[in-house]
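Student: Mind looking over this structure? Questions follow.
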Amino acid sequence: ARGGGLGGSIAILNHAGLRLKNSTAMGNVAEGKGSLGGFLYARLSAPILFQNTRIEKCTAAAGAGALAIVASSSIALDAVEIARCSAGGIGGGAILVDEGSEAHLIGRCRLEENHAEMEGAGGHVHVAASKFIVHGQQSFLEWPALRPVFPNTVLLPNSKFGEDEVKETRDYTTFSRGDARKGFGGSIFCTASLSSPILRTFEGARSQQSSCDSKLYKFKSDYRSFRQIPSQFVCFGKGVYLGSGSLIEKSQASEGGGAIFGSGCSIHLDSSLL
């Protein structure tokens with residue numbers, strides 16, 4: 001599919017929502033001046049959820065080779081693979097998160113061989129004034145409902161949850177062979193995204209909503225004690241958070257930050273491997 005400008009395949013605007021599962025997207029292109037999001041462009045969207053989906057060989061001329069998440073939009077990727085996508089302009093070979101938006105990666109997400117063309121920054125991911133959260137391999141998150149079309153919340157990652165038990169799997173996210181060919185941040189570039197602290201947890205939801213700079217999510221840090229420990233609520237500040245087990249490998253940038261480049265950005269790594 002080819003889209004002229006915003007979203008080579010799908011554009012989600014003005015509080016619309018989207019859930020995509022067990023799908024493949026290949027060869028989508030956002031063409032023309034100012035084009036963003038080779039596969040998806042989301043602006044002012046309701047929460048978006050992708051599960052068990054592969055996005056491959058998508059491109060955008062101005063940025064966000066696969067996914068453009070902008071203007072206070074939010075997305076969760078659960079067991080999603082993005083491979084061999086590219087972006088010109090500002091970069092973000094796979095994902096652009098901008099203008100107060102947030103992206104959550106959980107489960108076995110794989111970003112492989114994505115690149116930013118020319119002087120673009122972020123071979124895999126470009127973050128600006130936003131939140132990019134990679135959840136640890138033993139955590140789970142409850143993604144919000146979107147009534148009336150999606151009336152139920154969803155426990156993520158889906159691969160851990162059977163009907164009667166929580167499965168012990170080693171789910172972690174990898175960023176491999178990202179390339180900022182003439183720019184910064186081979187895997188991840190982040191700017192204008194300062195916060196302290198980047199992650200805050202609470203025992204209750206309603207009383208703490210006003211003190212959070214994001215949505216509150218129901219969260220557990222260790223699925224091995226799923227039934228023994230109570231759920232907490234978590235909110236995230238701006239910046240980049242890589243949870244336990246996150247892996248960045250074999251990435252490169254010509255101007256600096258082969259794995260991660262930050263300028264005015266809070267970056268928190270928790271038991272990650274570079």
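All residue names refer to the structure tokens as shown: chains lettered A, B, ... in order, residues numbered from 1 in each chain, ligands numbered from 1 in order.
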DSSP says strand (DSSP E) for which residues of segment 34-202 of chain A? Put them as a PyMOL selection string?

Tutor: chain A and resi 34-36+40-43+48-56+59-60+67-70+74-83+86-87+95-98+102-106+110-112+115-116+125-128+131-134+140-143+154-156+174-176+179-180+188-193+199-202

Student: What's around segment 82-98 of chain A at 9 Å? Count only C-alpha atoms, leave out sequence neighbours fewer than 5 positions away in its own chain, and write the answer as JSON, numbers by chain.

Tutor: {"A": [27, 34, 36, 37, 38, 53, 54, 55, 56, 57, 58, 59, 60, 61, 62, 63, 64, 65, 66, 67, 68, 69, 70, 71, 72, 73, 74, 103, 109, 110, 111, 112, 113, 114, 115, 116, 117, 118, 119, 120, 121, 122, 123, 124, 125, 126, 127, 128, 129, 130, 131, 132, 178, 179, 180, 183, 187, 188, 189]}

Student: What is the atom CA of Leu242 of chain A-atom CA of Leu146 of chain A distance in Å, reported with one decimal?

Tutor: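 Going from atom CA of Leu242 of chain A over to atom CA of Leu146 of chain A covers 26.8 Å.
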
Student: When you draw a straight line from atom CA of Ile260 of chain A to atom CA of Gly136 of chain A, how long is it in Å?

Tutor: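 Atom-to-atom, atom CA of Ile260 of chain A to atom CA of Gly136 of chain A, that is 18.0 Å.
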
Student: Near Lys218 of chain A, within 9 Å and counting only C-alpha atoms, which residues show up once chain neighbours fewer than 5 positions away are dropped, as a PDB file with N, CA, C and O atoms, in the first residue's frame?

Tutor:
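See selection.pdb below for the written result:
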ATOM      1  N   PHE A 140       4.281  -7.549  33.735  1.00  0.00           N
ATOM      2  CA  PHE A 140       3.102  -7.522  32.889  1.00  0.00           C
ATOM      3  C   PHE A 140       2.393  -6.186  33.080  1.00  0.00           C
ATOM      4  O   PHE A 140       2.560  -5.489  34.082  1.00  0.00           O
ATOM      5  N   LEU A 141       1.589  -5.843  32.095  1.00  0.00           N
ATOM      6  CA  LEU A 141       0.903  -4.560  32.040  1.00  0.00           C
ATOM      7  C   LEU A 141      -0.537  -4.809  31.614  1.00  0.00           C
ATOM      8  O   LEU A 141      -0.806  -5.676  30.784  1.00  0.00           O
ATOM      9  N   GLU A 142      -1.453  -4.054  32.178  1.00  0.00           N
ATOM     10  CA  GLU A 142      -2.850  -4.141  31.770  1.00  0.00           C
ATOM     11  C   GLU A 142      -3.154  -2.962  30.851  1.00  0.00           C
ATOM     12  O   GLU A 142      -3.145  -1.812  31.278  1.00  0.00           O
ATOM     13  N   TRP A 143      -3.432  -3.267  29.564  1.00  0.00           N
ATOM     14  CA  TRP A 143      -3.696  -2.216  28.592  1.00  0.00           C
ATOM     15  C   TRP A 143      -5.166  -1.821  28.663  1.00  0.00           C
ATOM     16  O   TRP A 143      -6.048  -2.666  28.755  1.00  0.00           O
ATOM     17  N   PRO A 144      -5.458  -0.514  28.645  1.00  0.00           N
ATOM     18  CA  PRO A 144      -6.825  -0.067  28.917  1.00  0.00           C
ATOM     19  C   PRO A 144      -7.827  -0.447  27.835  1.00  0.00           C
ATOM     20  O   PRO A 144      -7.485  -0.632  26.660  1.00  0.00           O
ATOM     21  N   ALA A 205      -5.053   3.829  42.579  1.00  0.00           N
ATOM     22  CA  ALA A 205      -5.093   4.538  41.298  1.00  0.00           C
ATOM     23  C   ALA A 205      -5.640   5.949  41.420  1.00  0.00           C
ATOM     24  O   ALA A 205      -5.014   6.917  41.030  1.00  0.00           O
ATOM     25  N   SER A 231      -1.318  -6.138  42.699  1.00  0.00           N
ATOM     26  CA  SER A 231      -1.021  -5.248  41.585  1.00  0.00           C
ATOM     27  C   SER A 231      -0.700  -3.860  42.110  1.00  0.00           C
ATOM     28  O   SER A 231      -1.222  -3.417  43.135  1.00  0.00           O
ATOM     29  N   GLN A 232       0.178  -3.174  41.385  1.00  0.00           N
ATOM     30  CA  GLN A 232       0.445  -1.777  41.634  1.00  0.00           C
ATOM     31  C   GLN A 232      -0.041  -0.982  40.429  1.00  0.00           C
ATOM     32  O   GLN A 232      -0.447  -1.535  39.414  1.00  0.00           O
ATOM     33  N   PHE A 233      -0.001   0.319  40.577  1.00  0.00           N
ATOM     34  CA  PHE A 233      -0.272   1.195  39.450  1.00  0.00           C
ATOM     35  C   PHE A 233       0.993   1.976  39.159  1.00  0.00           C
ATOM     36  O   PHE A 233       1.714   2.386  40.065  1.00  0.00           O
ATOM     37  N   VAL A 234       1.275   2.145  37.886  1.00  0.00           N
ATOM     38  CA  VAL A 234       2.533   2.767  37.488  1.00  0.00           C
ATOM     39  C   VAL A 234       2.249   3.861  36.477  1.00  0.00           C
ATOM     40  O   VAL A 234       1.335   3.761  35.652  1.00  0.00           O
TER      41      VAL A 234
END

Student: Expressed in Å to a single decimal, how great is the separation between atom CA of Leu13 of chain A and atom CA of Ser193 of chain A?

Tutor: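 Result for atom CA of Leu13 of chain A versus atom CA of Ser193 of chain A: 23.4 Å, one decimal.
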
Student: From the set A:Leu6, A:Leu199, A:Leu156, A:Leu216, which residue has the shortest atom-to-atom contact distance to Phe236 of chain A, counting only C-alpha atoms?

Tutor: A:Leu199

Student: Near Gly262 of chain A, within 8 Å and counting only C-alpha atoms, which residues show up once chain neighbours fewer than 5 positions away are dropped, as a ChimeraX atom specification?

Tutor: /A:185,189-191,267

Student: Out of A:Leu274, A:Leu77, A:Val134, A:Cys235, which residue has the shortest atom-to-atom distance to Gln252 of chain A when counting only C-alpha atoms?

Tutor: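 Of all the options, A:Leu274 lies closest to Gln252 of chain A.
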
Student: Between A:Gly5, A:Pro151, A:Pro47, A:Gly107, which one has atoms that come closest to Gly245 of chain A, using only C-alpha atoms?

Tutor: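 Closest residue, counting only C-alpha atoms: A:Gly107.
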
Student: Determine the nearest neighbour of Phe50 of chain A from the options A:Leu269, A:Ile198, A:Ala30, A:Val80, counting only C-alpha atoms.

Tutor: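 Closest candidate: A:Val80.
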
Student: Pick out the closest residue to Ser251 of chain A from this set: A:Ser266, A:Ser176, A:Gln51, A:Asn152. Count only C-alpha atoms.

Tutor: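 For Ser251 of chain A, the nearest of the candidates is A:Ser176.
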
Student: For Ala25 of chain A, which residue out of A:Ser254, A:Asn52, A:Asn158, A:Ser45 is the nearest one, using only C-alpha atoms?

Tutor: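 Comparing A:Ser254, A:Asn52, A:Asn158, A:Ser45 against Ala25 of chain A, the winner is A:Asn52.
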
Student: Please identify all polymer residues within 7 Å of Ala76 of chain A, counting only C-alpha atoms, omitting same-chain residues fewer than 2 positions from it, and present them as a PyMOL selection string.

Tutor: chain A and resi 48-50+78+103-105
